[in-house]
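> The structure file work_4.cif (mmCIF, C-alpha atoms) is provided below.
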```
data_final
loop_
_atom_site.label_atom_id
_atom_site.label_comp_id
_atom_site.auth_asym_id
_atom_site.auth_seq_id
_atom_site.Cartn_x
_atom_site.Cartn_y
_atom_site.Cartn_z
CA MET A 1 -49.94 196.80 -137.30
CA LEU A 2 -49.23 200.48 -137.66
CA ILE A 3 -48.19 200.68 -134.00
CA THR A 4 -45.81 197.74 -134.45
CA ASN A 5 -44.29 199.39 -137.51
CA ALA A 6 -43.79 202.66 -135.64
CA MET A 7 -42.00 200.81 -132.87
CA GLU A 8 -39.88 198.88 -135.33
CA ARG A 9 -38.95 202.15 -137.01
CA LYS A 10 -37.87 203.61 -133.67
CA LEU A 11 -35.89 200.47 -132.82
CA ARG A 12 -34.17 200.70 -136.18
CA GLN A 13 -33.34 204.38 -135.61
CA SER A 14 -32.04 203.58 -132.15
CA GLY A 15 -29.91 200.76 -133.53
CA ILE A 16 -28.38 202.90 -136.27
CA ILE A 17 -27.51 205.71 -133.83
CA LEU A 18 -26.03 203.20 -131.39
CA MET A 19 -23.99 201.54 -134.13
CA LEU A 20 -22.58 204.90 -135.19
CA GLY A 21 -21.70 205.78 -131.59
CA LEU A 22 -20.06 202.44 -130.95
CA ILE A 23 -18.08 202.60 -134.21
CA VAL A 24 -16.78 206.05 -133.19
CA GLN A 25 -15.82 204.72 -129.77
CA ALA A 26 -14.11 201.64 -131.21
CA LEU A 27 -12.10 203.81 -133.63
CA CYS A 28 -11.06 206.10 -130.77
CA LEU A 29 -9.91 203.13 -128.73
CA ILE A 30 -7.92 201.71 -131.66
CA LEU A 31 -6.50 204.90 -133.19
CA GLY A 32 -6.81 207.64 -130.54
CA ARG A 33 -3.75 208.29 -128.42
CA GLY A 34 -4.06 211.87 -127.29
CA ALA A 35 -6.51 214.38 -125.99
CA LEU A 36 -8.40 214.61 -129.29
CA GLY A 37 -9.24 210.89 -129.19
CA PHE A 38 -10.54 211.29 -125.65
CA MET A 39 -12.71 214.26 -126.64
CA VAL A 40 -14.17 212.46 -129.66
CA PHE A 41 -14.78 209.31 -127.55
CA ALA A 42 -16.55 211.24 -124.78
CA CYS A 43 -18.35 213.94 -126.74
CA LEU A 44 -19.27 212.38 -130.08
CA GLY A 45 -19.30 208.66 -129.22
CA GLY A 46 -20.85 209.15 -125.80
CA LEU A 47 -23.49 211.51 -127.14
CA LEU A 48 -24.50 209.15 -129.97
CA VAL A 49 -24.75 206.14 -127.64
CA MET A 50 -26.77 208.16 -125.14
CA ALA A 51 -29.08 209.38 -127.92
CA GLY A 52 -29.51 205.81 -129.20
CA ILE A 53 -30.45 204.54 -125.75
CA ILE A 54 -32.92 207.41 -125.27
CA VAL A 55 -34.59 206.65 -128.62
CA PHE A 56 -34.86 203.00 -127.55
CA LEU A 57 -36.40 203.95 -124.19
CA VAL A 58 -38.80 206.38 -125.90
CA SER A 59 -39.86 203.56 -128.25
CA LEU A 60 -40.72 201.43 -125.19
CA VAL A 61 -42.68 204.22 -123.53
CA ALA A 62 -44.51 205.09 -126.74
CA ALA A 63 -45.40 201.45 -127.48
CA GLN A 64 -49.04 200.65 -126.71
CA PRO A 65 -50.23 197.17 -125.79
CA SER A 66 -51.89 195.47 -128.76
CA MET B 67 -2.72 196.97 -128.89
CA GLU B 68 -3.18 196.12 -125.22
CA HIS B 69 -5.22 193.05 -124.24
CA ALA B 70 -7.78 195.15 -122.37
CA THR B 71 -8.32 197.33 -125.45
CA ILE B 72 -8.73 194.24 -127.66
CA LEU B 73 -11.32 192.92 -125.19
CA VAL B 74 -13.32 196.17 -125.18
CA VAL B 75 -13.14 196.54 -128.98
CA SER B 76 -14.26 192.90 -129.39
CA LEU B 77 -17.22 193.54 -127.09
CA ILE B 78 -18.12 196.66 -129.10
CA GLY B 79 -17.82 194.66 -132.35
CA MET B 80 -20.08 191.92 -131.01
CA THR B 81 -22.62 194.52 -129.87
CA ILE B 82 -22.59 196.19 -133.29
CA ILE B 83 -23.24 192.83 -135.00
CA LEU B 84 -26.17 192.08 -132.67
CA ILE B 85 -27.57 195.59 -133.16
CA ALA B 86 -27.35 195.01 -136.93
CA VAL B 87 -29.67 192.01 -136.47
CA ILE B 88 -32.29 194.31 -134.91
CA VAL B 89 -31.74 197.02 -137.55
CA PHE B 90 -32.06 194.70 -140.54
CA ARG B 91 -34.62 192.27 -139.05
CA PRO B 92 -36.71 194.40 -136.65
CA GLU B 93 -39.54 191.86 -136.88
CA VAL B 94 -37.57 189.55 -134.56
CA THR B 95 -38.64 191.84 -131.71
CA ALA B 96 -42.21 190.54 -132.09
CA THR B 97 -41.26 187.42 -130.12
CA ARG B 98 -40.42 187.34 -126.41
CA GLY B 99 -36.84 186.28 -127.13
CA GLY B 100 -36.52 189.08 -129.67
CA LYS B 101 -37.69 191.64 -127.11
CA MET B 102 -35.10 190.38 -124.64
CA LEU B 103 -32.44 190.58 -127.37
CA ALA B 104 -33.50 194.15 -128.19
CA PHE B 105 -33.25 195.18 -124.53
CA LEU B 106 -29.85 193.52 -124.24
CA VAL B 107 -28.26 194.99 -127.37
CA LEU B 108 -29.98 198.40 -127.46
CA PHE B 109 -29.66 199.15 -123.75
CA ALA B 110 -27.53 196.90 -121.54
CA MET B 111 -24.62 196.13 -123.86
CA PRO B 112 -24.06 199.74 -125.08
CA ILE B 113 -23.92 200.88 -121.45
CA LEU B 114 -21.39 198.13 -120.71
CA CYS B 115 -19.34 199.11 -123.79
CA VAL B 116 -19.33 202.81 -122.84
CA GLY B 117 -18.41 201.93 -119.25
CA MET B 118 -15.52 199.65 -120.21
CA GLY B 119 -14.35 201.93 -123.03
CA GLY B 120 -14.58 204.96 -120.76
CA ALA B 121 -12.51 203.24 -118.09
CA LYS B 122 -9.87 202.41 -120.72
CA GLU B 123 -9.85 205.99 -121.99
CA LEU B 124 -9.56 207.34 -118.44
CA GLN B 125 -6.63 205.00 -117.82
CA ARG B 126 -5.03 206.23 -121.05
CA SER B 127 -5.57 209.83 -119.95
CA MET B 128 -3.08 209.22 -117.11
CA SER B 129 -0.27 208.48 -119.56
CA THR B 130 2.65 210.82 -120.18
CA GLN B 131 1.97 210.52 -123.91
CA PHE B 132 -1.59 211.78 -123.36
CA CYS B 133 -0.50 214.84 -121.33
CA LEU B 134 2.16 215.74 -123.87
CA SER B 135 -0.23 215.38 -126.81
CA CYS B 136 -1.32 218.98 -126.18
CA HIS B 137 1.04 221.31 -128.02
CA VAL B 138 1.36 223.67 -125.06
CA MET B 139 2.77 220.83 -122.92
CA GLU B 140 5.62 219.98 -125.31
CA PRO B 141 8.23 222.10 -123.44
CA TYR B 142 7.29 220.30 -120.22
CA GLY B 143 7.83 216.96 -121.97
CA LYS B 144 11.20 218.24 -123.20
CA SER B 145 12.13 219.31 -119.67
CA LEU B 146 11.89 215.66 -118.61
CA ARG B 147 14.89 214.91 -120.84
CA VAL B 148 17.20 217.68 -119.65
CA GLU B 149 20.71 216.32 -119.07
CA ASP B 150 21.07 217.77 -115.59
CA SER B 151 20.33 215.87 -112.40
CA THR B 152 19.51 219.07 -110.49
CA HIS B 153 16.36 219.35 -112.60
CA LEU B 154 13.88 217.58 -110.35
CA ALA B 155 11.38 216.35 -112.93
CA ALA B 156 14.13 215.19 -115.30
CA ALA B 157 15.95 213.26 -112.54
CA HIS B 158 12.73 211.52 -111.51
CA PHE B 159 11.75 210.67 -115.08
CA GLN B 160 15.13 209.50 -116.33
CA ASN B 161 15.91 207.38 -113.26
CA HIS B 162 12.43 205.82 -113.18
CA LEU B 163 11.76 207.30 -109.74
CA VAL B 164 8.28 207.79 -111.21
CA PRO B 165 6.80 205.38 -113.80
CA PRO B 166 7.95 206.98 -117.10
CA ASP B 167 4.64 206.15 -118.78
CA GLN B 168 2.69 208.00 -116.04
CA ALA B 169 5.27 210.64 -115.12
CA CYS B 170 2.98 213.70 -115.12
CA TYR B 171 0.11 211.99 -113.34
CA THR B 172 2.32 210.53 -110.59
CA CYS B 173 3.52 213.92 -109.33
CA HIS B 174 0.56 216.08 -110.28
CA THR B 175 -2.10 213.99 -108.58
CA ASN B 176 -3.36 215.05 -105.22
CA TYR B 177 -2.79 212.02 -102.96
CA ALA B 178 -5.65 212.99 -100.65
CA MET B 179 -9.13 211.47 -100.77
CA PHE B 180 -10.75 212.14 -104.19
CA GLY B 181 -7.35 213.33 -105.46
CA GLY B 182 -7.64 211.18 -108.58
CA LEU B 183 -11.13 212.51 -109.24
CA LYS B 184 -9.98 216.11 -108.77
CA ALA B 185 -7.10 215.50 -111.18
CA LYS B 186 -9.53 214.18 -113.80
CA ILE B 187 -11.87 217.15 -113.36
CA SER B 188 -8.89 219.50 -113.74
CA GLY B 189 -7.85 217.52 -116.81
CA LEU B 190 -11.30 218.00 -118.35
CA ARG B 191 -11.00 221.73 -117.69
CA HIS B 192 -7.59 221.72 -119.40
CA LEU B 193 -9.07 219.90 -122.41
CA TYR B 194 -11.86 222.45 -122.61
CA MET B 195 -9.40 225.34 -122.46
CA TYR B 196 -7.13 223.68 -125.02
CA TYR B 197 -9.85 223.15 -127.62
CA PHE B 198 -12.32 225.96 -126.89
CA GLY B 199 -10.44 228.53 -124.81
CA THR B 200 -7.19 230.47 -124.90
CA THR B 201 -4.14 228.53 -123.79
CA PRO B 202 -1.35 230.46 -122.09
CA ALA B 203 2.29 230.24 -123.20
CA ALA B 204 4.13 227.29 -121.67
CA GLU B 205 6.23 229.48 -119.37
CA ASP B 206 3.11 231.23 -118.06
CA ILE B 207 1.44 228.01 -116.89
CA LYS B 208 1.16 227.94 -113.11
CA LEU B 209 -0.12 225.38 -110.62
CA TYR B 210 -3.58 226.09 -109.19
CA GLU B 211 -2.13 225.99 -105.68
CA PRO B 212 1.39 225.64 -104.21
CA PHE B 213 2.82 222.14 -104.64
CA ASN B 214 1.98 220.19 -101.51
CA ASN B 215 4.80 218.16 -99.90
CA ARG B 216 2.27 215.36 -99.43
CA GLU B 217 2.75 214.52 -103.12
CA CYS B 218 6.52 214.09 -102.58
CA LEU B 219 6.15 212.31 -99.25
CA HIS B 220 3.82 209.77 -100.83
CA CYS B 221 7.02 208.10 -102.07
CA HIS B 222 9.83 209.71 -100.05
CA ALA B 223 8.45 209.44 -96.50
CA GLY B 224 10.30 206.63 -94.72
CA ALA B 225 12.97 206.39 -97.42
CA ARG B 226 16.50 206.40 -95.99
CA SER B 227 17.77 209.06 -98.38
CA PHE B 228 15.01 211.38 -97.19
CA GLU B 229 14.93 210.56 -93.45
CA GLU B 230 18.72 210.35 -92.96
CA GLY B 231 19.99 212.65 -95.71
CA ALA B 232 22.74 215.01 -94.50
CA VAL B 233 20.94 218.20 -95.48
CA HIS B 234 17.56 217.01 -94.17
CA THR B 235 19.05 216.15 -90.75
CA SER B 236 21.37 219.16 -90.45
CA ASP B 237 18.57 221.16 -88.88
CA PRO B 238 16.41 219.18 -86.40
CA ASP B 239 13.39 221.31 -87.26
CA LEU B 240 13.61 220.70 -90.99
CA LEU B 241 12.19 217.17 -91.29
CA PRO B 242 9.13 217.90 -89.11
CA ALA B 243 8.55 221.13 -91.07
CA LEU B 244 8.76 219.25 -94.37
CA LYS B 245 6.38 216.56 -93.12
CA ALA B 246 3.93 219.18 -91.89
CA ASN B 247 4.15 221.03 -95.24
CA LYS B 248 5.38 224.13 -93.42
CA THR B 249 8.59 224.22 -95.46
CA SER B 250 8.17 223.34 -99.12
CA CYS B 251 10.41 220.71 -100.70
CA ILE B 252 10.47 223.02 -103.72
CA SER B 253 12.09 225.77 -101.64
CA CYS B 254 15.42 223.87 -101.93
CA HIS B 255 14.72 221.59 -104.92
CA SER B 256 13.65 224.64 -106.85
CA VAL B 257 14.45 223.67 -110.44
CA VAL B 258 11.50 221.51 -111.50
CA HIS B 259 10.38 222.24 -115.08
CA ASP B 260 12.62 225.08 -116.19
CA VAL B 261 10.95 225.61 -119.56
CA LYS B 262 12.43 229.09 -119.97
CA THR B 263 16.01 227.82 -120.29
CA LEU B 264 15.35 224.80 -122.51
CA ASN B 265 17.28 226.39 -125.38
CA GLU B 266 20.44 226.35 -123.26
CA GLN B 267 20.11 222.71 -122.16
CA LYS B 268 21.46 219.40 -123.43
CA PHE B 269 18.99 216.54 -123.66
CA TRP B 270 19.08 212.86 -122.81
CA LYS B 271 18.54 210.77 -125.92
CA GLY B 272 17.87 207.48 -124.08
CA GLY B 273 14.58 205.95 -122.99
CA ALA B 274 11.57 205.22 -125.15
#
```
Written as structure tokens, that's how I'd like the structure from this file.


Amino acid sequence: MLITNAMERKLRQSGIILMLGLIVQALCLILGRGALGFMVFACLGGLLVMAGIIVFLVSLVAAQPS
Amino acid sequence: MEHATILVVSLIGMTIILIAVIVFRPEVTATRGGKMLAFLVLFAMPILCVGMGGAKELQRSMSTQFCLSCHVMEPYGKSLRVEDSTHLAAAHFQNHLVPPDQACYTCHTNYAMFGGLKAKISGLRHLYMYYFGTTPAAEDIKLYEPFNNRECLHCHAGARSFEEGAVHTSDPDLLPALKANKTSCISCHSVVHDVKTLNEQKFWKGGA
């Protein structure tokens, strides 16, 4: 049960980071016109999405068969 | 908003909603279907969103508006509107000899293999310098290497005005030299972006 909860916690963390990254990217696509929008899309949005995916993959690796 | 942007933003919105299901109801991942959903929305769909969004952003980075969004490029944008047909960039921009919405990219892309990629890498370097480095004054900006005639010939080669033009045919050696990049087009068409004399120029008010 504890293991399941730990995995769920990681999935939740991954989801929140991914949501933040995707919101940033969506805002850049809607509002961004210039170089600043591109930088925020690539650096902040891209970094958050990458971090979210890594947390998800780590949660899979760390999960132990019940 | 463009249709492609609406499509990408809709996909991102859908992904966010599905991720919210996992965030607020993580217990759904206990089932086989839930695990598949988690893999889809926490791995596959974000990668798809970043890929499609990135492609859209890269396409946007080719626009004239994007290039001129950096303050240091403003004089170059102004030089496109100079009311003088001897100004090469202005004549091309105002007469739609290059797509006005991709004016910078059309001439300043290397038309060799990987030219587009090289242009994007240079663009990233420019962005880095603009935000984190020291940008030179507009009149001090120089090309990395001499402008290659290949970029002009991409459009002008085979065109009647180029192949049969009086000046181009006056010397039989000139056309072959131009085509071989031994004589630069810029050596005669020397006024390109004359940002130093912008204060003395009149400007075209037309266009978007």

> A:Ala42, A:Ala63, A:Val24, A:Val55: which is nearest Lys10 in chain A, counting all atoms listed in the file?

A:Val55

> Kindly provide the residues of chain A that approach chain B to within 7 Å, each paired with its closest atom pair and their distance in Å to one decimal, based on all atoms listed in the file, listed by chain and increasing number, as a Markdown table.


```
| residue | atom | partner | partner_atom | distance |
| --- | --- | --- | --- | --- |
| A:Glu8 | CA | B:Pro92 | CA | 5.6 |
| A:Arg12 | CA | B:Val89 | CA | 4.6 |
| A:Gly15 | CA | B:Ile85 | CA | 5.7 |
| A:Ile16 | CA | B:Val89 | CA | 6.9 |
| A:Met19 | CA | B:Ile82 | CA | 5.6 |
| A:Leu22 | CA | B:Ile78 | CA | 6.4 |
| A:Ala26 | CA | B:Val75 | CA | 5.7 |
| A:Leu29 | CA | B:Thr71 | CA | 6.9 |
| A:Arg33 | CA | B:Phe132 | CA | 6.5 |
| A:Gly34 | CA | B:Phe132 | CA | 4.6 |
| A:Ala35 | CA | B:Phe132 | CA | 6.2 |
| A:Phe38 | CA | B:Glu123 | CA | 6.5 |
| A:Val49 | CA | B:Pro112 | CA | 6.9 |
| A:Ile53 | CA | B:Phe109 | CA | 5.8 |
| A:Phe56 | CA | B:Leu108 | CA | 6.7 |
```

> Suppose you want the space between CA of Met39 in chain A and CA of Ala51 in chain A; what is it in Å?

17.1 Å

> Using all atoms listed in the file, can you tell me which of A:Leu36, A:Ala62, A:Leu44, A:Ala6 comes closest to Gly21 in chain A?

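Looking only at the distances to Gly21 in chain A, the closest residue turns out to be A:Leu44.
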
> Using only C-alpha atoms for the distances, tell me which of A:Asn5, A:Gln13, A:Gln25, A:Ser59 is nearest to Cys43 in chain A.

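Checking each of A:Asn5, A:Gln13, A:Gln25, A:Ser59 against Cys43 in chain A, counting only C-alpha atoms, the winner is A:Gln25.
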
> Between A:Arg9, A:Cys28, A:Ile23, A:Ile17, which residue has the minimum interatomic distance to Met50 in chain A, considering all atoms listed in the file?

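Nearest candidate to Met50 in chain A out of A:Arg9, A:Cys28, A:Ile23, A:Ile17: A:Ile17.
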
> Grab all the atoms of range 128-145 of chain B that the file lists, wrap them in a box along x, y and z, add 5 Å per side, and give me centre plus edge lengths in Å (one decimal) as AutoDock Vina command-line options.


```
--center_x 4.5 --center_y 216.1 --center_z -122.6 --size_x 25.2 --size_y 25.2 --size_z 20.9
```

> When you draw a straight line from CA of Tyr142 in chain B to CA of His162 in chain B, how long is it in Å?

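Between CA of Tyr142 in chain B and CA of His162 in chain B the gap works out to 16.9 Å.
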
> Using the chain letters and numbers from the file, which residues does the PyMOL selection byres ((chain B and resi 146-156) around 10) grab, as a VMD selection string?

chain B and resid 141 to 145 157 to 164 166 169 to 170 173 252 255 to 260 264 266 to 273

> What separation in Å, quoted to one decimal, exists between CA of Leu31 in chain A and CA of Leu73 in chain B?

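Rounded to one decimal, the two atoms are 15.2 Å apart.
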
> Can you spell out as a list in words the set of residues that the PyMOL selection byres ((chain B and resi 203) around 12) selects in the structure I just provided?

His137, Val138, Met139, Glu140, Pro141, Tyr142, Tyr196, Thr200, Thr201, Pro202, Ala204, Glu205, Asp206, Ile207, Lys208, Val261 and Lys262 of chain B

> I need the output of the PyMOL selection byres ((chain B and resi 216) around 9) for this file as a VMD selection string; which residues are they?

chain B and resid 176 to 178 213 to 215 217 to 220 245 to 247
